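This is final.cif. It holds mmCIF, C-alpha atoms.
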```
data_upload
#
loop_
_atom_site.label_atom_id
_atom_site.label_comp_id
_atom_site.auth_asym_id
_atom_site.auth_seq_id
_atom_site.Cartn_x
_atom_site.Cartn_y
_atom_site.Cartn_z
CA MET H 1 19.76 2.78 17.48
CA SER H 2 18.39 3.81 20.86
CA SER H 3 17.03 1.07 23.04
CA ALA H 4 14.06 3.24 24.02
CA LYS H 5 11.02 2.12 22.10
CA SER H 6 8.31 4.55 21.02
CA SER H 7 4.70 3.62 21.61
CA LEU H 8 2.39 2.75 18.78
CA THR H 9 0.32 5.91 19.03
CA SER H 10 2.95 8.61 19.44
CA MET H 11 2.92 9.70 15.80
CA PRO H 12 1.95 13.16 14.54
CA SER H 13 -1.84 13.36 14.41
CA ASP H 14 -1.93 14.93 10.96
CA THR H 15 -0.18 11.89 9.53
CA GLU H 16 -2.87 9.69 10.99
CA ALA H 17 -5.54 12.15 9.85
CA ILE H 18 -4.26 11.90 6.28
CA ALA H 19 -4.48 8.12 6.27
CA GLU H 20 -7.95 8.27 7.81
CA GLN H 21 -9.16 10.66 5.10
CA VAL H 22 -8.11 8.14 2.48
CA PHE H 23 -9.93 5.32 4.23
CA VAL H 24 -13.07 7.46 4.64
CA ALA H 25 -12.92 8.39 0.96
CA LEU H 26 -12.57 4.77 -0.13
CA THR H 27 -15.54 3.62 1.97
CA ASP H 28 -17.98 5.02 -0.59
CA PRO H 29 -18.26 3.09 -3.86
CA THR H 30 -19.10 6.23 -5.83
CA ARG H 31 -15.96 7.93 -4.58
CA ARG H 32 -13.97 4.79 -5.37
CA ALA H 33 -15.31 4.95 -8.92
CA ILE H 34 -14.34 8.62 -9.22
CA LEU H 35 -10.83 8.04 -7.87
CA ALA H 36 -10.40 5.02 -10.13
CA ALA H 37 -11.54 6.99 -13.17
CA LEU H 38 -9.05 9.76 -12.37
CA ALA H 39 -6.27 7.22 -11.75
CA GLU H 40 -6.97 5.41 -15.01
CA GLY H 41 -7.75 8.31 -17.32
CA GLY H 42 -5.95 11.25 -15.78
CA PRO H 43 -7.40 14.65 -14.90
CA ALA H 44 -11.05 15.16 -15.87
CA THR H 45 -13.85 17.67 -15.47
CA ALA H 46 -16.94 16.81 -13.46
CA THR H 47 -18.80 16.74 -16.78
CA ASP H 48 -16.30 14.25 -18.24
CA LEU H 49 -16.70 12.04 -15.19
CA ALA H 50 -20.50 12.17 -15.40
CA ALA H 51 -20.25 11.04 -19.00
CA ARG H 52 -18.01 8.11 -18.11
CA LEU H 53 -19.66 6.96 -14.88
CA PRO H 54 -23.26 5.98 -14.06
CA ILE H 55 -23.45 8.91 -11.62
CA THR H 56 -25.14 12.29 -11.95
CA ARG H 57 -22.98 15.38 -12.31
CA GLN H 58 -24.45 16.73 -9.09
CA ALA H 59 -23.40 13.67 -7.15
CA ILE H 60 -19.95 13.80 -8.69
CA ALA H 61 -19.60 17.44 -7.71
CA LYS H 62 -20.57 16.65 -4.12
CA HIS H 63 -18.04 13.85 -3.87
CA LEU H 64 -15.32 15.92 -5.53
CA THR H 65 -15.80 18.60 -2.86
CA LEU H 66 -15.26 16.03 -0.12
CA LEU H 67 -12.28 14.58 -1.94
CA ALA H 68 -10.76 18.03 -2.40
CA GLU H 69 -11.22 18.85 1.29
CA ALA H 70 -9.44 15.61 2.09
CA GLY H 71 -6.57 16.57 -0.20
CA LEU H 72 -7.19 13.60 -2.48
CA VAL H 73 -7.97 15.60 -5.59
CA THR H 74 -6.82 19.01 -6.68
CA ALA H 75 -8.21 21.28 -9.36
CA GLU H 76 -6.24 22.50 -12.29
CA HIS H 77 -7.52 25.32 -14.45
CA GLY H 78 -7.58 24.67 -18.15
CA GLU H 79 -8.73 26.55 -21.19
CA ARG H 80 -12.12 28.32 -21.32
CA ARG H 81 -12.47 28.08 -17.56
CA ARG H 82 -12.72 24.33 -17.73
CA VAL H 83 -11.55 23.02 -14.40
CA ARG H 84 -10.16 19.52 -14.37
CA HIS H 85 -9.80 17.47 -11.23
CA ARG H 86 -6.58 15.59 -10.66
CA LEU H 87 -5.77 12.80 -8.25
CA ARG H 88 -3.19 13.63 -5.56
CA SER H 89 -1.12 10.62 -4.73
CA ALA H 90 0.59 11.85 -1.55
CA PRO H 91 -2.30 10.94 0.79
CA MET H 92 -2.52 7.52 -0.83
CA ARG H 93 1.12 6.90 -0.03
CA VAL H 94 0.58 7.84 3.60
CA ALA H 95 -2.28 5.33 3.72
CA GLN H 96 -0.03 2.75 2.07
CA GLN H 97 2.56 3.29 4.77
CA TYR H 98 -0.09 2.79 7.41
CA LEU H 99 -1.18 -0.43 5.76
CA ALA H 100 2.45 -1.53 5.35
CA ALA H 101 2.83 -1.41 9.12
CA LEU H 102 -0.34 -3.44 9.66
CA ALA H 103 0.61 -5.91 6.96
CA ARG H 104 4.14 -6.41 8.22
CA ASP H 105 4.29 -9.99 9.38
CA TRP H 106 7.23 -10.71 11.64
CA ASP H 107 5.39 -13.53 13.39
CA GLY H 108 5.45 -15.73 10.27
CA PRO H 109 9.16 -15.29 9.52
CA LEU H 110 10.16 -15.65 13.19
CA ASP H 111 8.25 -18.94 13.38
CA ALA H 112 10.09 -20.02 10.23
CA LEU H 113 13.43 -19.02 11.81
CA THR H 114 12.60 -21.04 14.91
CA ASP H 115 11.65 -24.08 12.81
CA HIS H 116 14.77 -23.71 10.66
CA LEU H 117 17.10 -23.61 13.69
CA ASP H 118 15.28 -26.48 15.42
CA ARG H 119 15.44 -28.65 12.30
CA GLN H 120 19.18 -28.15 12.10
CA LEU H 121 19.63 -29.83 15.47
CA THR H 122 17.37 -32.85 15.73
CA ALA H 123 18.33 -33.50 19.37
CA ALA H 124 17.88 -29.90 20.62
CA PRO H 125 14.92 -28.86 22.83
CA ALA H 126 12.29 -26.93 20.85
CA SER H 127 12.43 -23.14 20.91
CA ARG H 128 9.39 -21.13 21.96
CA ASN H 129 7.99 -18.16 20.11
CA ILE H 130 6.59 -15.88 22.74
CA GLY H 131 5.98 -12.90 20.50
CA HIS H 132 5.27 -10.41 23.24
CA ALA H 133 5.98 -6.68 23.19
CA ARG H 134 8.89 -5.67 25.35
CA ASP H 135 6.94 -3.11 27.31
CA LEU H 136 4.48 -5.79 28.46
CA GLU H 137 7.15 -8.23 29.57
CA ASP H 138 9.38 -8.34 32.61
CA LEU H 139 12.84 -8.03 31.12
CA HIS H 140 14.40 -9.86 34.04
CA ASP H 141 12.60 -13.11 33.38
CA PRO H 142 14.14 -16.29 34.69
CA THR H 143 15.60 -18.67 32.13
CA ILE H 144 13.63 -20.27 29.33
CA ASP H 145 12.50 -23.02 31.69
CA GLY H 146 10.34 -20.54 33.67
CA VAL H 147 7.52 -21.14 31.22
CA LYS H 148 4.86 -18.60 30.42
CA PRO H 149 2.08 -19.60 28.04
CA ALA H 150 3.05 -18.64 24.50
CA ARG H 151 0.98 -15.72 23.27
CA GLY H 152 2.21 -15.53 19.73
CA PRO H 153 0.28 -16.71 16.67
CA ALA H 154 -0.78 -20.31 16.68
CA SER H 155 1.98 -22.40 15.13
CA MET J 1 -7.00 4.62 15.39
CA GLY J 2 -3.29 4.60 16.07
CA PHE J 3 -0.66 4.96 13.36
CA PRO J 4 1.73 2.06 13.89
CA ASP J 5 5.28 3.32 13.60
CA CYS J 6 7.17 0.74 15.60
CA ILE J 7 6.73 -3.03 15.56
CA GLU J 8 8.54 -5.16 18.11
CA ARG J 9 8.74 -8.89 18.67
CA THR J 10 10.82 -11.08 20.97
CA VAL J 11 11.53 -14.79 20.56
CA GLU J 12 13.26 -17.15 22.98
CA LEU J 13 15.42 -19.54 20.97
CA ALA J 14 17.09 -22.67 22.32
CA HIS J 15 20.16 -22.00 20.21
CA PRO J 16 23.32 -20.06 21.05
CA PRO J 17 23.75 -16.53 19.67
CA ALA J 18 26.45 -17.60 17.21
CA ARG J 19 24.08 -20.00 15.47
CA VAL J 20 21.22 -17.47 15.41
CA TRP J 21 23.62 -14.84 14.07
CA GLY J 22 24.50 -17.12 11.18
CA ALA J 23 20.82 -17.60 10.33
CA LEU J 24 20.26 -13.83 10.33
CA THR J 25 23.31 -12.52 8.52
CA THR J 26 24.29 -15.01 5.82
CA ALA J 27 22.71 -15.56 2.43
CA GLU J 28 22.22 -19.27 3.10
CA GLY J 29 20.76 -18.61 6.54
CA LEU J 30 18.28 -15.96 5.41
CA ALA J 31 17.22 -17.98 2.37
CA ALA J 32 16.30 -20.88 4.66
CA TRP J 33 13.61 -18.95 6.56
CA PHE J 34 13.14 -15.43 5.24
CA GLY J 35 13.67 -14.85 1.57
CA HIS J 36 13.60 -17.25 -1.33
CA GLU J 37 16.87 -15.94 -2.72
CA VAL J 38 19.22 -13.69 -0.83
CA ALA J 39 22.41 -11.81 -1.51
CA ILE J 40 24.06 -9.82 1.24
CA ASP J 41 27.18 -7.73 1.61
CA LEU J 42 27.59 -7.88 5.37
CA HIS J 43 29.13 -4.61 6.46
CA PRO J 44 27.69 -1.18 7.34
CA GLY J 45 26.69 0.48 4.07
CA GLY J 46 26.65 -2.83 2.22
CA SER J 47 23.79 -3.73 -0.09
CA ALA J 48 21.57 -6.74 0.18
CA ARG J 49 18.66 -8.04 -1.79
CA MET J 50 15.94 -10.50 -0.92
CA SER J 51 13.47 -11.99 -3.33
CA TRP J 52 10.47 -14.15 -2.68
CA SER J 53 8.81 -16.89 -4.66
CA ASP J 54 6.00 -14.56 -5.75
CA GLY J 55 8.56 -12.50 -7.62
CA SER J 56 8.68 -9.60 -5.17
CA THR J 57 12.07 -8.25 -4.14
CA LYS J 58 13.39 -5.84 -1.57
CA ASP J 59 16.58 -3.88 -1.78
CA MET J 60 18.25 -3.53 1.57
CA ARG J 61 21.10 -1.51 3.01
CA VAL J 62 23.07 -2.98 5.90
CA GLU J 63 23.42 -0.41 8.71
CA ARG J 64 24.77 -2.12 11.83
CA VAL J 65 26.87 -5.26 12.12
CA GLU J 66 28.04 -5.90 15.68
CA LYS J 67 28.63 -9.63 15.82
CA PRO J 68 27.00 -11.42 17.53
CA THR J 69 24.73 -8.85 19.19
CA VAL J 70 23.19 -6.34 16.77
CA PHE J 71 22.28 -6.57 13.10
CA GLY J 72 20.41 -3.68 11.50
CA PHE J 73 19.34 -2.81 7.97
CA THR J 74 16.97 -0.52 6.12
CA TRP J 75 14.67 -1.61 3.33
CA GLN J 76 11.88 -0.41 1.08
CA ILE J 77 8.36 0.06 2.40
CA ASP J 78 5.74 -2.35 1.08
CA GLY J 79 3.21 -0.77 -1.23
CA LEU J 80 5.25 2.26 -2.15
CA PRO J 81 6.71 2.70 -5.63
CA ASP J 82 10.24 1.38 -6.21
CA GLU J 83 11.60 4.89 -6.58
CA ASP J 84 10.18 6.09 -3.24
CA PRO J 85 13.20 6.85 -1.07
CA ARG J 86 11.55 6.13 2.27
CA ARG J 87 12.78 3.16 4.22
CA THR J 88 11.98 1.37 7.43
CA TYR J 89 14.77 0.28 9.74
CA VAL J 90 14.94 -3.28 11.07
CA GLU J 91 17.16 -4.08 14.00
CA PHE J 92 17.80 -7.54 15.44
CA THR J 93 19.30 -7.78 18.92
CA LEU J 94 20.66 -11.08 20.26
CA GLU J 95 20.97 -11.60 24.00
CA PRO J 96 22.40 -14.79 25.51
CA VAL J 97 19.92 -16.42 27.90
CA GLY J 98 21.24 -19.59 29.49
CA ALA J 99 22.26 -21.83 26.61
CA GLY J 100 19.98 -20.02 24.21
CA THR J 101 19.24 -16.60 22.78
CA ARG J 102 16.60 -13.95 23.28
CA LEU J 103 16.12 -12.47 19.82
CA THR J 104 14.35 -9.13 19.48
CA VAL J 105 13.38 -7.53 16.19
CA VAL J 106 12.27 -3.90 16.06
CA GLU J 107 11.11 -2.27 12.86
CA THR J 108 10.56 1.50 12.82
CA GLY J 109 9.73 4.21 10.32
CA PHE J 110 6.28 3.36 8.99
CA ALA J 111 4.89 6.77 9.88
CA GLN J 112 7.42 9.03 8.21
CA LEU J 113 5.82 12.25 7.13
CA PRO J 114 5.09 12.60 3.43
CA GLY J 115 7.29 14.90 1.36
CA ASP J 116 4.34 16.74 -0.17
CA THR J 117 2.48 19.36 1.79
CA TYR J 118 -0.93 18.41 2.98
CA ARG J 119 -3.45 20.91 1.60
CA LYS J 120 -5.52 22.71 4.17
CA ALA J 121 -9.28 22.28 4.07
CA TYR J 122 -9.87 25.98 3.43
CA ASP J 123 -7.81 26.04 0.25
CA ALA J 124 -9.45 22.87 -0.98
CA HIS J 125 -12.89 24.27 -0.36
CA THR J 126 -12.06 27.46 -2.25
CA VAL J 127 -10.73 25.50 -5.20
CA GLY J 128 -13.74 23.21 -5.06
CA TRP J 129 -16.14 26.12 -5.55
CA ALA J 130 -14.05 27.64 -8.31
CA SER J 131 -14.25 24.29 -10.03
CA GLU J 132 -18.01 24.26 -9.76
CA LEU J 133 -18.37 27.74 -11.21
CA GLY J 134 -16.06 26.76 -14.03
CA GLU J 135 -18.28 23.81 -14.79
CA ILE J 136 -21.37 26.07 -14.96
CA VAL J 137 -19.58 28.44 -17.31
CA ALA J 138 -18.51 25.57 -19.53
CA HIS J 139 -22.01 24.20 -19.55
CA LEU J 140 -23.50 27.56 -20.51
CA ASP J 141 -20.79 28.16 -23.09
CA ALA J 142 -21.63 24.89 -24.75
CA VAL J 143 -25.30 25.75 -25.24
#
```

Target encoding structure tokens, full file:
Amino acid sequence: MSSAKSSLTSMPSDTEAIAEQVFVALTDPTRRAILAALAEGGPATATDLAARLPITRQAIAKHLTLLAEAGLVTAEHGERRRVRHRLRSAPMRVAQQYLAALARDWDGPLDALTDHLDRQLTAAPASRNIGHARDLEDLHDPTIDGVKPARGPAS
Amino acid sequence: MGFPDCIERTVELAHPPARVWGALTTAEGLAAWFGHEVAIDLHPGGSARMSWSDGSTKDMRVERVEKPTVFGFTWQIDGLPDEDPRRTYVEFTLEPVGAGTRLTVVETGFAQLPGDTYRKAYDAHTVGWASELGEIVAHLDAV
């Protein structure tokens, strides 16, 4: 594993764009209802959705267009030119990955590690959780006794 | 809005690397601060598993074991289905500092590209209109 660390924003922009489309889609409660109905009941026509949801067919059609442009639904052609709309899960998974990174809590476990090690040695000086990013910190710091204020989460 | 791919933290610990290594790489050590129950086969390619008190589990694969300096493993990504093959990579690095240890953890891989192709807006728009016309036909057919 290389010691060079990539920055937080160096990722392909279409990956970020995909996640953003999901978040934009989910902002609207009507679109949430449409996506939920498709997730729960499987592919459906706009007419089916209008029958199941307290939303006009026109409004559903408008939202389905936005959702299709965002890659969140796709149309499949059925019998008698009935077109059913189907949820696409790939963008959701990209958004889940984005959220996984935000939800990853290393601060909690590292505090627990510090406490665990300190408890093992009752006479040892307490460790400090600094929790800073390497690229913000002078790597050639003096020893632990050269104290900087801790910037990690409150313990 | 940045897509976070790499998370890094550094902790200064007043404990020697050997003790920190034990807390990071043994089942008893990890279960004391990280997982609720842990099993680990500590060699490159070995499997490990951590479970938490809420019932969640993570399957892990040990990647690097360079005692007492580097410990790396891959594990499943939160929120993705169990069968999703994507993994993030976690690497702990231990550096002696005086009588203690500077411990760094780096986790990478959150922004891996999806396997499916992302549909272009043009195609989606075309399909969207075809859908609408289909709905009109169906409506008229039903009359």

Starting from the shown file, work through the PyMOL selection byres ((chain H and resi 25) around 12) and note down what comes out as a ChimeraX atom specification. /H:18-24,26-36,63-73,91-92,95

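Picked by the PyMOL selection byres ((chain J and resi 34) around 10) from the coordinates shown: Trp106, Gly108, Pro109, Leu110, Ala112 and Leu113 of chain H; Ala23, Leu24, Ala27, Gly29, Leu30, Ala31, Ala32, Trp33, Gly35, His36, Glu37, Val38, Met50, Ser51 and Trp52 of chain J.
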
Given all atoms listed in the file as the counted atoms, nearest of H:Ala101, H:Ala39, H:Leu87, H:Ala61 to J:Gly79: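 The shortest atom-to-atom distance to J:Gly79 comes from H:Ala101.
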
Tell me which residues the PyMOL selection byres ((chain J and resi 45) around 7) grabs here, as a PDB file with C-alpha atoms, in the frame of the given file.
```pdb
ATOM      1  CA  HIS J  43      29.130  -4.610   6.460  1.00  0.00           C
ATOM      2  CA  PRO J  44      27.690  -1.180   7.340  1.00  0.00           C
ATOM      3  CA  GLY J  46      26.650  -2.830   2.220  1.00  0.00           C
ATOM      4  CA  SER J  47      23.790  -3.730  -0.090  1.00  0.00           C
ATOM      5  CA  ARG J  61      21.100  -1.510   3.010  1.00  0.00           C
ATOM      6  CA  VAL J  62      23.070  -2.980   5.900  1.00  0.00           C
ATOM      7  CA  GLU J  63      23.420  -0.410   8.710  1.00  0.00           C
TER       8      GLU J  63
END
```

Starting from the incomplete input, reconstruct N, CA and C atoms of stretch 16-42 of chain H and report them as a CSV table (one decimal), in the frame of the given file.
```csv
chain,number,residue,atom,x,y,z
H,16,GLU,N,-1.8,10.6,10.8
H,16,GLU,CA,-2.9,9.7,11.0
H,16,GLU,C,-4.1,10.2,10.3
H,17,ALA,N,-4.3,11.5,10.4
H,17,ALA,CA,-5.5,12.2,9.8
H,17,ALA,C,-5.5,12.0,8.3
H,18,ILE,N,-4.4,12.1,7.7
H,18,ILE,CA,-4.3,11.9,6.3
H,18,ILE,C,-4.7,10.5,5.9
H,19,ALA,N,-4.1,9.5,6.6
H,19,ALA,CA,-4.5,8.1,6.3
H,19,ALA,C,-6.0,7.9,6.5
H,20,GLU,N,-6.5,8.5,7.5
H,20,GLU,CA,-8.0,8.3,7.8
H,20,GLU,C,-8.8,8.9,6.7
H,21,GLN,N,-8.4,10.0,6.2
H,21,GLN,CA,-9.2,10.7,5.1
H,21,GLN,C,-9.2,9.7,3.9
H,22,VAL,N,-8.1,9.1,3.6
H,22,VAL,CA,-8.1,8.1,2.5
H,22,VAL,C,-9.1,7.0,2.7
H,23,PHE,N,-9.0,6.4,3.9
H,23,PHE,CA,-9.9,5.3,4.2
H,23,PHE,C,-11.4,5.8,4.2
H,24,VAL,N,-11.7,6.9,4.7
H,24,VAL,CA,-13.1,7.5,4.6
H,24,VAL,C,-13.5,7.6,3.2
H,25,ALA,N,-12.6,8.2,2.4
H,25,ALA,CA,-12.9,8.4,1.0
H,25,ALA,C,-13.2,7.1,0.3
H,26,LEU,N,-12.4,6.0,0.6
H,26,LEU,CA,-12.6,4.8,-0.1
H,26,LEU,C,-13.8,3.9,0.3
H,27,THR,N,-14.4,4.4,1.5
H,27,THR,CA,-15.5,3.6,2.0
H,27,THR,C,-16.7,3.7,1.0
H,28,ASP,N,-16.8,4.8,0.3
H,28,ASP,CA,-18.0,5.0,-0.6
H,28,ASP,C,-17.7,4.5,-2.0
H,29,PRO,N,-18.5,3.7,-2.5
H,29,PRO,CA,-18.3,3.1,-3.9
H,29,PRO,C,-18.3,4.1,-5.0
H,30,THR,N,-19.1,5.2,-4.8
H,30,THR,CA,-19.1,6.2,-5.8
H,30,THR,C,-17.8,7.0,-5.8
H,31,ARG,N,-17.3,7.3,-4.6
H,31,ARG,CA,-16.0,7.9,-4.6
H,31,ARG,C,-14.9,7.0,-5.1
H,32,ARG,N,-15.0,5.7,-4.8
H,32,ARG,CA,-14.0,4.8,-5.4
H,32,ARG,C,-14.0,4.8,-6.9
H,33,ALA,N,-15.2,4.9,-7.5
H,33,ALA,CA,-15.3,5.0,-8.9
H,33,ALA,C,-14.7,6.2,-9.5
H,34,ILE,N,-14.9,7.3,-8.8
H,34,ILE,CA,-14.3,8.6,-9.2
H,34,ILE,C,-12.8,8.6,-9.2
H,35,LEU,N,-12.3,8.1,-8.0
H,35,LEU,CA,-10.8,8.0,-7.9
H,35,LEU,C,-10.2,7.1,-8.9
H,36,ALA,N,-10.9,6.0,-9.1
H,36,ALA,CA,-10.4,5.0,-10.1
H,36,ALA,C,-10.4,5.6,-11.5
H,37,ALA,N,-11.5,6.4,-11.8
H,37,ALA,CA,-11.5,7.0,-13.2
H,37,ALA,C,-10.4,8.0,-13.3
H,38,LEU,N,-10.1,8.8,-12.3
H,38,LEU,CA,-9.0,9.8,-12.4
H,38,LEU,C,-7.7,9.1,-12.5
H,39,ALA,N,-7.5,8.0,-11.7
H,39,ALA,CA,-6.3,7.2,-11.8
H,39,ALA,C,-6.0,6.6,-13.1
H,40,GLU,N,-7.1,6.1,-13.7
H,40,GLU,CA,-7.0,5.4,-15.0
H,40,GLU,C,-6.8,6.4,-16.2
H,41,GLY,N,-7.7,7.4,-16.1
H,41,GLY,CA,-7.8,8.3,-17.3
H,41,GLY,C,-7.1,9.7,-17.2
H,42,GLY,N,-6.6,9.9,-16.0
H,42,GLY,CA,-6.0,11.2,-15.8
H,42,GLY,C,-7.0,12.3,-15.4
```
